[in-house]
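Asker: Pasting target32.cif below, which is mmCIF, C-alpha atoms.
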```cif
data_work
#
loop_
_atom_site.label_atom_id
_atom_site.label_comp_id
_atom_site.auth_asym_id
_atom_site.auth_seq_id
_atom_site.Cartn_x
_atom_site.Cartn_y
_atom_site.Cartn_z
CA MET A 296 -6.86 -36.50 -29.96
CA LYS A 297 -6.68 -33.10 -31.61
CA LYS A 298 -6.83 -32.87 -35.39
CA ALA A 299 -7.27 -29.87 -37.62
CA ILE A 300 -10.09 -29.90 -40.13
CA ARG A 301 -8.71 -30.35 -43.63
CA MET A 302 -10.32 -27.69 -45.76
CA LYS A 303 -11.91 -28.91 -48.99
CA PRO A 304 -12.64 -26.82 -52.08
CA SER A 305 -15.68 -24.61 -51.53
CA ALA A 306 -18.95 -26.46 -51.99
CA PRO A 307 -21.63 -24.99 -54.25
CA PRO A 308 -24.38 -23.00 -52.51
CA ARG A 309 -26.53 -25.15 -50.28
CA ARG A 310 -30.11 -25.06 -49.11
CA ILE A 311 -29.88 -25.44 -45.34
CA LEU A 312 -32.75 -26.11 -42.96
CA MET A 313 -31.72 -24.81 -39.53
CA THR A 314 -33.79 -25.11 -36.36
CA THR A 315 -34.14 -22.27 -33.88
CA ASP A 316 -36.35 -20.87 -31.16
CA ALA A 317 -37.19 -17.30 -30.19
CA VAL A 318 -36.82 -17.68 -26.41
CA GLY A 319 -33.09 -17.69 -25.73
CA GLY A 320 -29.69 -17.33 -27.32
CA VAL A 321 -30.35 -19.92 -30.02
CA TRP A 322 -32.27 -17.32 -32.04
CA HIS A 323 -29.30 -14.95 -31.97
CA TYR A 324 -26.88 -17.78 -32.82
CA ALA A 325 -28.99 -19.04 -35.72
CA ALA A 326 -29.65 -15.56 -37.10
CA THR A 327 -25.96 -14.59 -36.95
CA LEU A 328 -24.83 -17.79 -38.67
CA ALA A 329 -27.67 -17.75 -41.23
CA ARG A 330 -26.87 -14.16 -42.22
CA GLU A 331 -23.24 -15.08 -42.88
CA LEU A 332 -24.15 -18.23 -44.80
CA ALA A 333 -26.67 -16.33 -46.91
CA ALA A 334 -24.07 -13.66 -47.70
CA ALA A 335 -21.92 -16.44 -49.21
CA GLY A 336 -24.79 -17.67 -51.40
CA ASP A 337 -26.47 -20.33 -49.28
CA THR A 338 -30.23 -20.39 -48.79
CA VAL A 339 -31.23 -20.80 -45.15
CA VAL A 340 -34.65 -21.86 -43.89
CA LEU A 341 -35.06 -21.10 -40.18
CA ALA A 342 -37.44 -23.68 -38.71
CA GLY A 343 -38.58 -22.47 -35.32
CA VAL A 344 -40.19 -24.23 -32.36
CA GLY A 345 -41.92 -22.84 -29.29
CA PRO A 346 -43.24 -19.29 -28.84
CA ARG A 347 -43.15 -17.31 -32.06
CA PRO A 348 -40.66 -14.48 -32.62
CA SER A 349 -41.66 -10.84 -32.46
CA ARG A 350 -42.50 -8.87 -35.60
CA GLU A 351 -39.16 -7.12 -35.29
CA GLN A 352 -37.30 -10.42 -35.12
CA CYS A 353 -39.20 -11.76 -38.14
CA ARG A 354 -38.63 -8.60 -40.15
CA ALA A 355 -34.89 -8.66 -39.48
CA ALA A 356 -34.51 -12.40 -40.24
CA ALA A 357 -36.59 -12.20 -43.43
CA ALA A 358 -33.77 -10.18 -45.01
CA PHE A 359 -31.54 -13.26 -45.20
CA ALA A 360 -33.64 -16.36 -44.41
CA ILE A 361 -36.95 -18.08 -45.05
CA ILE A 362 -38.87 -18.42 -41.78
CA GLU A 363 -41.05 -21.43 -40.96
CA TRP A 364 -42.59 -22.33 -37.62
CA VAL A 365 -43.33 -25.83 -36.35
CA ASP A 366 -46.15 -26.62 -33.92
CA SER A 367 -43.87 -28.06 -31.23
CA PRO A 368 -42.30 -26.71 -28.03
CA PRO A 369 -38.57 -26.84 -27.36
CA GLU A 370 -37.97 -29.89 -25.18
CA TRP A 371 -37.22 -27.91 -22.04
CA LEU A 372 -40.75 -26.49 -22.24
CA ALA A 373 -42.41 -29.83 -23.05
CA ALA A 374 -44.58 -31.47 -20.40
CA ASP A 375 -43.43 -34.91 -21.55
CA GLU A 376 -42.02 -36.69 -24.58
CA ALA A 377 -45.44 -36.89 -26.23
CA ASP A 378 -45.28 -33.12 -26.83
CA VAL A 379 -42.26 -33.44 -29.12
CA VAL A 380 -42.56 -36.92 -30.59
CA GLY A 381 -43.73 -35.58 -33.96
CA LEU A 382 -41.03 -32.93 -34.34
CA GLY A 383 -38.71 -35.09 -36.43
CA ALA A 384 -41.42 -35.83 -38.98
CA SER A 385 -42.36 -32.13 -39.18
CA LEU A 386 -38.76 -31.12 -39.78
CA ALA A 387 -38.35 -33.85 -42.40
CA ALA A 388 -41.42 -32.56 -44.23
CA LEU A 389 -39.97 -29.04 -44.23
CA ALA A 390 -36.64 -30.35 -45.48
CA ARG A 391 -38.33 -32.10 -48.39
CA ARG A 392 -40.52 -29.11 -49.22
CA HIS A 393 -37.53 -26.77 -49.34
CA ARG A 394 -35.28 -29.37 -51.02
CA ALA A 395 -32.71 -29.03 -48.24
CA ASP A 396 -29.17 -30.19 -48.94
CA LEU A 397 -28.39 -30.27 -45.23
CA VAL A 398 -30.26 -30.03 -41.92
CA GLN A 399 -28.71 -28.35 -38.89
CA VAL A 400 -30.62 -28.95 -35.67
CA ASN A 401 -29.67 -26.69 -32.79
CA ALA A 402 -30.48 -29.35 -30.21
CA PRO A 403 -29.29 -32.95 -30.74
CA SER A 404 -32.67 -34.34 -29.61
CA GLN A 405 -34.28 -32.67 -32.64
CA ALA A 406 -32.50 -35.21 -34.85
CA VAL A 407 -34.62 -38.04 -33.42
CA GLY A 408 -37.07 -39.30 -36.04
CA LEU A 409 -35.54 -37.04 -38.69
CA ASP A 410 -35.98 -39.21 -41.79
CA VAL A 411 -34.03 -37.32 -44.46
CA SER A 412 -31.47 -38.43 -47.02
CA CYS A 413 -29.32 -35.30 -46.67
CA PRO A 414 -26.62 -34.88 -43.98
CA VAL A 415 -27.68 -33.90 -40.45
CA VAL A 416 -25.52 -31.68 -38.22
CA ALA A 417 -26.54 -31.43 -34.55
CA VAL A 418 -25.33 -28.53 -32.39
CA SER A 419 -25.60 -28.77 -28.60
CA HIS A 420 -26.02 -25.29 -27.11
CA SER A 421 -27.04 -26.75 -23.75
CA CYS A 422 -28.69 -29.84 -22.34
CA ALA A 423 -30.86 -30.55 -19.33
CA ALA A 424 -28.63 -33.30 -18.00
CA THR A 425 -25.41 -31.24 -18.08
CA TRP A 426 -27.35 -28.30 -16.60
CA PHE A 427 -28.50 -30.43 -13.65
CA ARG A 428 -24.96 -31.68 -13.03
CA ALA A 429 -23.52 -28.15 -13.05
CA VAL A 430 -26.33 -26.29 -11.27
CA ARG A 431 -27.88 -28.84 -8.94
CA GLY A 432 -24.90 -31.17 -8.57
CA GLY A 433 -26.83 -34.28 -9.53
CA GLU A 434 -28.69 -36.17 -12.18
CA VAL A 435 -31.89 -35.14 -13.92
CA PRO A 436 -35.06 -36.09 -12.03
CA PRO A 437 -36.88 -39.18 -13.30
CA ASP A 438 -39.55 -37.18 -15.10
CA TRP A 439 -36.83 -35.46 -17.18
CA ALA A 440 -34.89 -38.63 -18.01
CA TRP A 441 -36.59 -38.92 -21.41
CA GLN A 442 -34.75 -35.75 -22.49
CA THR A 443 -31.39 -37.35 -21.79
CA GLU A 444 -32.37 -40.43 -23.80
CA ARG A 445 -33.58 -38.33 -26.74
CA ASN A 446 -30.28 -36.44 -26.74
CA ARG A 447 -28.42 -39.75 -26.78
CA ARG A 448 -30.48 -40.93 -29.77
CA GLY A 449 -29.99 -37.58 -31.50
CA PHE A 450 -26.21 -37.79 -31.20
CA ALA A 451 -26.37 -41.27 -32.69
CA ARG A 452 -28.55 -40.06 -35.59
CA ALA A 453 -26.42 -37.02 -36.50
CA ASP A 454 -23.65 -37.27 -39.08
CA ILE A 455 -21.73 -34.52 -37.27
CA ALA A 456 -22.20 -33.13 -33.75
CA VAL A 457 -20.96 -29.73 -32.59
CA ALA A 458 -20.34 -28.13 -29.20
CA PRO A 459 -19.51 -24.43 -28.74
CA SER A 460 -16.60 -25.04 -26.35
CA ARG A 461 -14.20 -27.77 -25.32
CA SER A 462 -15.66 -27.59 -21.83
CA HIS A 463 -19.17 -28.36 -23.03
CA ALA A 464 -17.81 -31.09 -25.30
CA ALA A 465 -16.11 -32.67 -22.26
CA ALA A 466 -19.33 -32.43 -20.22
CA LEU A 467 -21.28 -34.10 -23.02
CA SER A 468 -18.72 -36.89 -23.38
CA ALA A 469 -18.70 -37.46 -19.61
CA LEU A 470 -22.47 -37.86 -19.68
CA TYR A 471 -23.15 -39.64 -22.96
CA GLY A 472 -19.92 -41.59 -23.40
CA ASP A 473 -17.71 -41.59 -26.46
CA LEU A 474 -19.04 -39.22 -29.16
CA PRO A 475 -16.70 -39.89 -32.08
CA ARG A 476 -18.36 -37.38 -34.42
CA LEU A 477 -18.24 -34.48 -31.95
CA HIS A 478 -16.42 -31.29 -32.98
CA VAL A 479 -15.96 -27.89 -31.38
CA VAL A 480 -16.83 -24.64 -33.14
CA HIS A 481 -16.80 -21.56 -30.97
CA ASN A 482 -19.71 -19.16 -31.12
CA ALA A 483 -19.11 -15.70 -32.51
CA ALA A 484 -20.23 -12.10 -32.33
CA PRO A 485 -19.55 -9.08 -34.52
CA LEU A 486 -17.53 -6.25 -33.02
CA GLY A 487 -19.85 -3.86 -31.22
CA PRO A 488 -20.05 -0.10 -30.79
CA ARG A 489 -17.30 1.66 -28.82
CA ALA A 490 -18.24 4.57 -26.57
CA HIS A 491 -15.95 7.60 -26.08
CA GLY A 492 -16.08 7.13 -22.33
CA ARG A 493 -17.33 4.57 -19.85
CA GLU A 494 -19.75 5.24 -17.04
CA ASP A 495 -19.79 4.23 -13.40
CA PHE A 496 -22.11 1.23 -13.50
CA VAL A 497 -21.80 -2.54 -13.72
CA LEU A 498 -23.78 -4.42 -16.37
CA ALA A 499 -24.91 -8.04 -16.47
CA ALA A 500 -27.14 -9.76 -19.03
CA GLY A 501 -28.94 -13.08 -19.04
CA ARG A 502 -32.17 -15.01 -18.69
CA TRP A 503 -32.41 -14.36 -14.97
CA TRP A 504 -35.24 -16.83 -14.44
CA ASP A 505 -32.71 -19.56 -15.30
CA GLU A 506 -31.10 -20.75 -12.07
CA GLY A 507 -27.87 -21.39 -13.96
CA LYS A 508 -27.44 -17.63 -14.57
CA ASN A 509 -27.10 -17.17 -10.79
CA ALA A 510 -29.20 -14.02 -10.31
CA ARG A 511 -29.07 -14.52 -6.52
CA ALA A 512 -25.31 -14.00 -6.40
CA LEU A 513 -25.60 -10.94 -8.64
CA ASP A 514 -28.31 -9.47 -6.43
CA ALA A 515 -26.32 -10.11 -3.26
CA ALA A 516 -23.19 -8.56 -4.79
CA ALA A 517 -25.20 -5.46 -5.73
CA ALA A 518 -25.77 -4.80 -2.02
CA ARG A 519 -21.97 -4.55 -1.60
CA SER A 520 -21.08 -2.77 -4.83
CA ARG A 521 -20.08 0.92 -4.90
CA TRP A 522 -21.46 1.15 -8.44
CA PRO A 523 -25.04 0.19 -9.31
CA ILE A 524 -25.47 -3.16 -11.04
CA LEU A 525 -27.88 -3.19 -13.98
CA ALA A 526 -29.30 -6.59 -14.97
CA ALA A 527 -30.55 -6.75 -18.56
CA GLY A 528 -32.76 -9.65 -19.61
CA SER A 529 -36.02 -11.28 -18.70
CA ALA A 530 -36.61 -12.16 -15.05
CA THR A 531 -39.71 -14.25 -15.85
CA GLY A 532 -39.41 -17.41 -17.92
CA PRO A 533 -41.92 -19.05 -20.26
CA ASN A 534 -42.05 -21.95 -17.81
CA GLY A 535 -43.25 -19.66 -15.00
CA THR A 536 -39.99 -19.37 -13.05
CA ARG A 537 -38.87 -15.89 -12.05
CA HIS A 538 -36.37 -13.88 -10.07
CA ASP A 539 -37.28 -10.58 -8.41
CA PHE A 540 -34.26 -8.29 -8.11
CA ARG A 541 -33.97 -6.47 -4.79
CA GLU A 542 -30.53 -4.84 -4.97
CA ALA A 543 -29.58 -4.97 -8.65
CA VAL A 544 -31.65 -2.90 -11.08
CA GLY A 545 -33.63 -5.20 -13.37
CA LEU A 546 -33.94 -3.71 -16.86
CA GLY A 547 -36.05 -6.46 -18.37
CA PRO A 548 -35.50 -7.73 -21.93
CA LEU A 549 -33.78 -5.30 -24.30
CA ARG A 550 -33.25 -5.23 -28.04
CA ASN A 551 -29.78 -6.50 -28.90
CA GLU A 552 -28.86 -3.10 -30.33
CA ASP A 553 -29.75 -1.39 -27.04
CA LEU A 554 -27.91 -4.00 -25.00
CA ARG A 555 -24.78 -3.59 -27.13
CA TRP A 556 -24.80 0.16 -26.45
CA LEU A 557 -25.05 -0.46 -22.72
CA MET A 558 -22.10 -2.84 -23.04
CA ALA A 559 -20.14 -0.07 -24.76
CA ARG A 560 -20.86 2.34 -21.89
CA CYS A 561 -20.60 0.15 -18.79
CA GLY A 562 -17.62 0.45 -16.48
CA VAL A 563 -17.52 -3.33 -15.94
CA PHE A 564 -19.42 -6.31 -17.35
CA VAL A 565 -20.05 -9.24 -15.03
CA SER A 566 -21.38 -12.75 -15.58
CA PRO A 567 -22.10 -14.81 -12.44
CA SER A 568 -23.31 -17.90 -14.37
CA ILE A 569 -22.59 -21.34 -12.98
CA TYR A 570 -23.63 -23.09 -16.23
CA GLU A 571 -22.53 -21.82 -19.63
CA PRO A 572 -21.79 -24.06 -22.61
CA PHE A 573 -20.33 -20.90 -24.21
CA GLY A 574 -21.65 -17.59 -22.86
CA LEU A 575 -22.48 -15.14 -25.64
CA ALA A 576 -23.07 -12.10 -23.41
CA PRO A 577 -19.44 -11.80 -22.19
CA LEU A 578 -18.25 -12.09 -25.79
CA GLU A 579 -20.58 -9.32 -26.94
CA ALA A 580 -19.44 -7.14 -24.04
CA ALA A 581 -15.77 -7.83 -24.78
CA ALA A 582 -16.39 -7.00 -28.45
CA SER A 583 -17.29 -3.49 -27.27
CA GLY A 584 -14.21 -3.28 -25.05
CA ALA A 585 -15.86 -3.85 -21.69
CA PRO A 586 -13.72 -5.17 -18.80
CA LEU A 587 -14.92 -8.64 -17.82
CA VAL A 588 -15.50 -10.13 -14.35
CA LEU A 589 -16.62 -13.75 -14.69
CA ALA A 590 -17.57 -16.67 -12.49
CA ASP A 591 -14.74 -19.19 -12.31
CA ILE A 592 -16.30 -22.02 -14.31
CA PRO A 593 -14.54 -24.26 -16.87
CA THR A 594 -16.05 -22.60 -19.94
CA TYR A 595 -15.05 -19.10 -18.93
CA ARG A 596 -11.54 -20.22 -17.98
CA GLU A 597 -11.20 -21.89 -21.37
CA LEU A 598 -12.31 -18.85 -23.35
CA TRP A 599 -11.17 -15.89 -21.22
CA GLU A 600 -8.10 -16.97 -19.21
CA GLY A 601 -5.73 -13.99 -19.25
CA ALA A 602 -8.42 -11.59 -20.51
CA ALA A 603 -10.80 -11.36 -17.52
CA LEU A 604 -10.94 -11.39 -13.73
CA PHE A 605 -12.50 -14.46 -12.12
CA PHE A 606 -14.31 -14.92 -8.83
CA PRO A 607 -15.47 -18.16 -7.14
CA ALA A 608 -18.84 -19.00 -8.67
CA GLY A 609 -21.61 -18.13 -6.25
CA ASP A 610 -19.41 -16.09 -3.88
CA ALA A 611 -21.24 -12.75 -3.79
CA ALA A 612 -18.86 -11.28 -1.21
CA VAL A 613 -15.79 -11.83 -3.39
CA LEU A 614 -17.69 -10.56 -6.43
CA GLY A 615 -18.62 -7.36 -4.57
CA GLU A 616 -15.02 -6.86 -3.42
CA THR A 617 -13.71 -7.41 -6.95
CA LEU A 618 -16.15 -4.90 -8.42
CA ASN A 619 -15.26 -2.32 -5.77
CA TRP A 620 -11.54 -2.75 -6.41
CA LEU A 621 -12.08 -2.22 -10.13
CA ALA A 622 -14.32 0.78 -9.50
CA GLY A 623 -11.37 2.45 -7.77
CA ASP A 624 -8.68 1.50 -10.31
CA ARG A 625 -9.08 3.05 -13.76
CA HIS A 626 -5.79 1.61 -15.04
CA ALA A 627 -6.83 -1.93 -14.12
CA ARG A 628 -10.16 -1.44 -15.89
CA ASP A 629 -8.44 -0.12 -19.02
CA ALA A 630 -6.00 -3.05 -19.08
CA LEU A 631 -8.84 -5.56 -18.70
CA ALA A 632 -10.85 -3.81 -21.41
CA ASP A 633 -7.95 -3.98 -23.86
CA ALA A 634 -7.34 -7.65 -23.11
CA ALA A 635 -11.03 -8.53 -23.51
CA PHE A 636 -11.33 -6.66 -26.81
CA GLU A 637 -8.24 -8.35 -28.21
CA ARG A 638 -9.53 -11.78 -27.17
CA ALA A 639 -12.98 -11.10 -28.65
CA GLN A 640 -11.43 -10.73 -32.09
CA ARG A 641 -10.66 -14.46 -32.11
CA PHE A 642 -14.38 -15.26 -32.23
CA THR A 643 -15.36 -13.81 -35.59
CA VAL A 644 -18.58 -14.51 -37.43
CA ALA A 645 -16.63 -15.22 -40.62
CA GLY A 646 -14.45 -17.74 -38.79
CA GLN A 647 -17.44 -19.48 -37.26
CA ALA A 648 -19.19 -19.75 -40.63
CA ALA A 649 -16.03 -21.08 -42.30
CA ALA A 650 -15.66 -23.75 -39.60
CA MET A 651 -19.31 -24.78 -39.97
CA ARG A 652 -18.98 -24.96 -43.76
CA ALA A 653 -15.98 -27.26 -43.31
CA LEU A 654 -18.11 -29.52 -41.13
CA TYR A 655 -20.97 -29.39 -43.65
CA ASP A 656 -18.47 -30.62 -46.26
CA ARG A 657 -17.31 -33.37 -43.95
CA ALA A 658 -20.87 -34.45 -43.22
CA ALA A 659 -21.59 -34.59 -46.94
CA PHE A 660 -18.47 -36.50 -47.98
CA THR A 661 -16.34 -38.07 -45.26
CA VAL A 662 -17.21 -38.35 -41.58
CA GLN A 663 -13.95 -38.95 -39.70
CA PRO A 664 -14.29 -40.38 -36.16
CA ALA A 665 -12.11 -37.93 -34.25
CA LEU A 666 -12.75 -35.02 -31.95
CA SER A 667 -11.50 -31.90 -33.74
CA PHE A 668 -11.43 -28.25 -32.86
CA ALA A 669 -12.42 -25.81 -35.59
CA GLU A 670 -11.88 -22.16 -34.77
#
```
Let me see the structure of the file written as structure tokens.
Answerer:
Amino acid sequence: MKKAIRMKPSAPPRRILMTTDAVGGVWHYAATLARELAAAGDTVVLAGVGPRPSREQCRAAAAFAIIEWVDSPPEWLAADEADVVGLGASLAALARRHRADLVQVNAPSQAVGLDVSCPVVAVSHSCAATWFRAVRGGEVPPDWAWQTERNRRGFARADIAVAPSRSHAAALSALYGDLPRLHVVHNAAPLGPRAHGREDFVLAAGRWWDEGKNARALDAAAARSRWPILAAGSATGPNGTRHDFREAVGLGPLRNEDLRWLMARCGVFVSPSIYEPFGLAPLEAAASGAPLVLADIPTYRELWEGAALFFPAGDAAVLGETLNWLAGDRHARDALADAAFERAQRFTVAGQAAAMRALYDRAAFTVQPALSFAE
């Protein structure tokens, strides 16, 4: 059942404790949202887990947030549940110390053991169980089952739950059953730089050590592509997994500013992912007017239908053919670029922050048991 969120009068400034990590896209999500909330008068404490951020990341975030770090790994890096069992108590202590009016955890499992009197909002950016279903076509192995159970308990603990797409919300509901407090708020990205002209190369960006990003298909397509394919992002993960590019050109991790300039210059942006709860990289590329070629998965269809070209996920031959056709058709590339840029303007940072504030209000006052879609 689809219901619009009824906007309430603006709440006074809040003190918000928000979890993050410095490994993947959660840092970028949390920093983008925190900056917008702080600009409206809220105080945001970023409570990180796992490997610590770089000096550059800390320096940038310190301009709009208080940064704390908790001695706990993110669950996907934990050896077992014992590694994270104390996280809830640590977050609760931070919430009390900073007199938080609301806690936003950016993984539902982080709400387990969170003994606070203020509202708790849990955002699911991904989850091991939905990853295994999409990528491996099965259930999590027995030694990962504790993560699924902690997510289930976290959803039950949260006053409001959030997914970044309807597709991810559906995957969560199929796995965990009815989630009456689950809402959808799309991720966002600011408009990026626009180059005067585009160059003859294909760009992709992701954590290539993650099997769900499908580096193998990208690499195989590069052997067929007339234009070189540049792959930005780390190829070695903190858990020891890696992918060695043979045909695509691996650029390694880049600063977001440098990546956005590459997005502004590339002839085509491609994402071969087979698991994406949202997919921030295509949005950032579209926000710089890049033509999009995307794997045909539910999330990308939901967000980019009519504004991108799709290829069967994992089919490197079709991907190569699609890229070669676009390389030879400037008018098609220009039309795709215009469509992507227009679509990207739906996913504004201001709109995301407004939708989250509406859910903060709902968590604080009235939690209505209906799936709603805030955009």
Asker: List the spatial neighbours of stretch 477-493 of chain A as number ranges by chain - criterion: any atom at most 8 Å away, all atoms listed in the file, same-chain residues fewer than 2 positions off excluded.
Answerer: A: 324, 327, 455-461, 464, 474-475, 495, 555-556, 559-562, 573, 575, 578-580, 582-584, 639-640, 642-644, 647, 650-651, 665-670
Asker: Determine the residue set returned by the PyMOL selection byres ((chain A and resi 564) around 8) for the present structure, and present it as a ChimeraX atom specification.
Answerer: /A:497-499,558,561-563,565-566,577,580,585-588
Asker: Which is closest to A:Ser468 among A:Phe359, A:Trp503, A:Phe540, A:Phe450, if we use all atoms listed in the file?
Answerer: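 Selected residue with least distance to A:Ser468: A:Phe450.
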Asker: I need the residue nearest A:Ala317 from this list: A:Ala634, A:Ala518, A:Leu513, A:Cys353. Use all atoms listed in the file for the distance.
Answerer: A:Cys353
Asker: Nearest to A:Leu604: which of A:Leu631, A:Ala465, A:Cys422, A:Ala377 is it, counting all atoms listed in the file?
Answerer: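 With all atoms listed in the file as the atom set, the closest residue is A:Leu631.
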Asker: Distance atom CA of A:Ala451-atom CA of A:Tyr595, one decimal place?
Answerer: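 Atom-to-atom, atom CA of A:Ala451 to atom CA of A:Tyr595, that is 28.4 Å.
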Asker: Would you mind telling me which residue in A:Glu616, A:Ala326, A:Leu654, A:Ala526 lies nearest to A:Val416 when using only C-alpha atoms?
Answerer: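 Closest residue, counting only C-alpha atoms: A:Leu654.
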Asker: Residues near A:Asp337, anyone? I mean within 6 Å using all atoms listed in the file, not counting same-chain ones fewer than 4 positions away, as number ranges by chain.
Answerer: A: 308-310, 332-333
Asker: Measuring between all atoms listed in the file, which one of A:Thr314, A:Thr617, A:Thr425, A:Ser568 shows the shortest distance to A:Leu389?
Answerer: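 That would be A:Thr314, the residue with the smallest distance to A:Leu389.
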Asker: Which residues fall under the PyMOL selection byres ((chain A and resi 384) around 10) in this file, as a list of chain:residue names?
Answerer: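 Selected by the PyMOL selection byres ((chain A and resi 384) around 10) in this file: A:Val380, A:Gly381, A:Leu382, A:Gly383, A:Ser385, A:Leu386, A:Ala387, A:Ala388, A:Leu389, A:Ala390, A:Ala406, A:Val407, A:Gly408, A:Leu409, A:Asp410, A:Val411.
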Asker: Go ahead and write the residues just picked, C-alpha atoms, as an mmCIF file, keeping the file's coordinate frame.
Answerer:
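File written: selection20.cif
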```cif
data_model
loop_
_atom_site.group_PDB
_atom_site.id
_atom_site.type_symbol
_atom_site.label_atom_id
_atom_site.label_comp_id
_atom_site.auth_asym_id
_atom_site.auth_seq_id
_atom_site.Cartn_x
_atom_site.Cartn_y
_atom_site.Cartn_z
ATOM 1 C CA VAL A 380 -42.560 -36.920 -30.590
ATOM 2 C CA GLY A 381 -43.730 -35.580 -33.960
ATOM 3 C CA LEU A 382 -41.030 -32.930 -34.340
ATOM 4 C CA GLY A 383 -38.710 -35.090 -36.430
ATOM 5 C CA SER A 385 -42.360 -32.130 -39.180
ATOM 6 C CA LEU A 386 -38.760 -31.120 -39.780
ATOM 7 C CA ALA A 387 -38.350 -33.850 -42.400
ATOM 8 C CA ALA A 388 -41.420 -32.560 -44.230
ATOM 9 C CA LEU A 389 -39.970 -29.040 -44.230
ATOM 10 C CA ALA A 390 -36.640 -30.350 -45.480
ATOM 11 C CA ALA A 406 -32.500 -35.210 -34.850
ATOM 12 C CA VAL A 407 -34.620 -38.040 -33.420
ATOM 13 C CA GLY A 408 -37.070 -39.300 -36.040
ATOM 14 C CA LEU A 409 -35.540 -37.040 -38.690
ATOM 15 C CA ASP A 410 -35.980 -39.210 -41.790
ATOM 16 C CA VAL A 411 -34.030 -37.320 -44.460
#
```
Asker: Mind giving me the straight-line distance from atom CA of A:Ala543 to atom CA of A:Trp599 in Å, one decimal?
Answerer: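 Calculated distance between atom CA of A:Ala543 and atom CA of A:Trp599 is 24.8 Å.
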Asker: Which residue out of A:Gly507, A:Pro403, A:Val321, A:Glu542 has the minimum interatomic distance to A:Gly432 when all atoms listed in the file are used?
Answerer: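 Going through A:Gly507, A:Pro403, A:Val321, A:Glu542 one by one, the smallest distance to A:Gly432 is for A:Gly507.
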Asker: Might you pull out every residue within 10 Å of A:Asp610, with only C-alpha atoms counted and same-chain residues fewer than 2 positions away left off, and present them as JSON, numbers by chain?
Answerer: {"A": [512, 513, 515, 516, 567, 590, 606, 607, 608, 612, 613, 614, 615]}
Asker: What is the atom CA of A:Ala357 to atom CA of A:Gly547 distance in Å?
Answerer: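 A separation of 25.7 Å between them.
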Asker: Around (-23.9, -26.1, -12.0) in the file's frame, which residues reach within 6 Å when counting only C-alpha atoms? Return as a PyMOL selection string?
Answerer: chain A and resi 428-431+569-570
Asker: Could you write stretch 485-498 of chain A as a CSV table (one decimal), keeping the file's coordinate frame, with N, CA and C atoms rebuilt where they are missing?
Answerer:
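The resulting out34.csv:
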```csv
chain,number,residue,atom,x,y,z
A,485,PRO,N,-20.2,-10.2,-33.8
A,485,PRO,CA,-19.6,-9.1,-34.5
A,485,PRO,C,-19.0,-8.1,-33.5
A,486,LEU,N,-18.0,-7.3,-33.9
A,486,LEU,CA,-17.5,-6.2,-33.0
A,486,LEU,C,-18.7,-5.3,-32.8
A,487,GLY,N,-18.7,-4.7,-31.6
A,487,GLY,CA,-19.8,-3.9,-31.2
A,487,GLY,C,-19.4,-2.4,-31.2
A,488,PRO,N,-20.4,-1.5,-30.9
A,488,PRO,CA,-20.0,-0.1,-30.8
A,488,PRO,C,-19.0,0.2,-29.7
A,489,ARG,N,-18.3,1.2,-29.8
A,489,ARG,CA,-17.3,1.7,-28.8
A,489,ARG,C,-17.7,3.1,-28.4
A,490,ALA,N,-17.9,3.3,-27.1
A,490,ALA,CA,-18.2,4.6,-26.6
A,490,ALA,C,-17.0,5.4,-26.3
A,491,HIS,N,-17.1,6.7,-26.3
A,491,HIS,CA,-16.0,7.6,-26.1
A,491,HIS,C,-15.5,7.5,-24.6
A,492,GLY,N,-16.4,7.3,-23.7
A,492,GLY,CA,-16.1,7.1,-22.3
A,492,GLY,C,-17.0,6.1,-21.7
A,493,ARG,N,-16.5,5.5,-20.6
A,493,ARG,CA,-17.3,4.6,-19.8
A,493,ARG,C,-17.9,5.2,-18.6
A,494,GLU,N,-19.0,4.7,-18.2
A,494,GLU,CA,-19.8,5.2,-17.0
A,494,GLU,C,-19.6,4.3,-15.8
A,495,ASP,N,-20.0,4.9,-14.7
A,495,ASP,CA,-19.8,4.2,-13.4
A,495,ASP,C,-21.0,3.3,-13.1
A,496,PHE,N,-21.1,2.3,-13.8
A,496,PHE,CA,-22.1,1.2,-13.5
A,496,PHE,C,-21.6,-0.1,-14.0
A,497,VAL,N,-22.1,-1.2,-13.4
A,497,VAL,CA,-21.8,-2.5,-13.7
A,497,VAL,C,-23.0,-3.1,-14.5
A,498,LEU,N,-22.7,-3.8,-15.6
A,498,LEU,CA,-23.8,-4.4,-16.4
A,498,LEU,C,-23.7,-5.9,-16.3
```
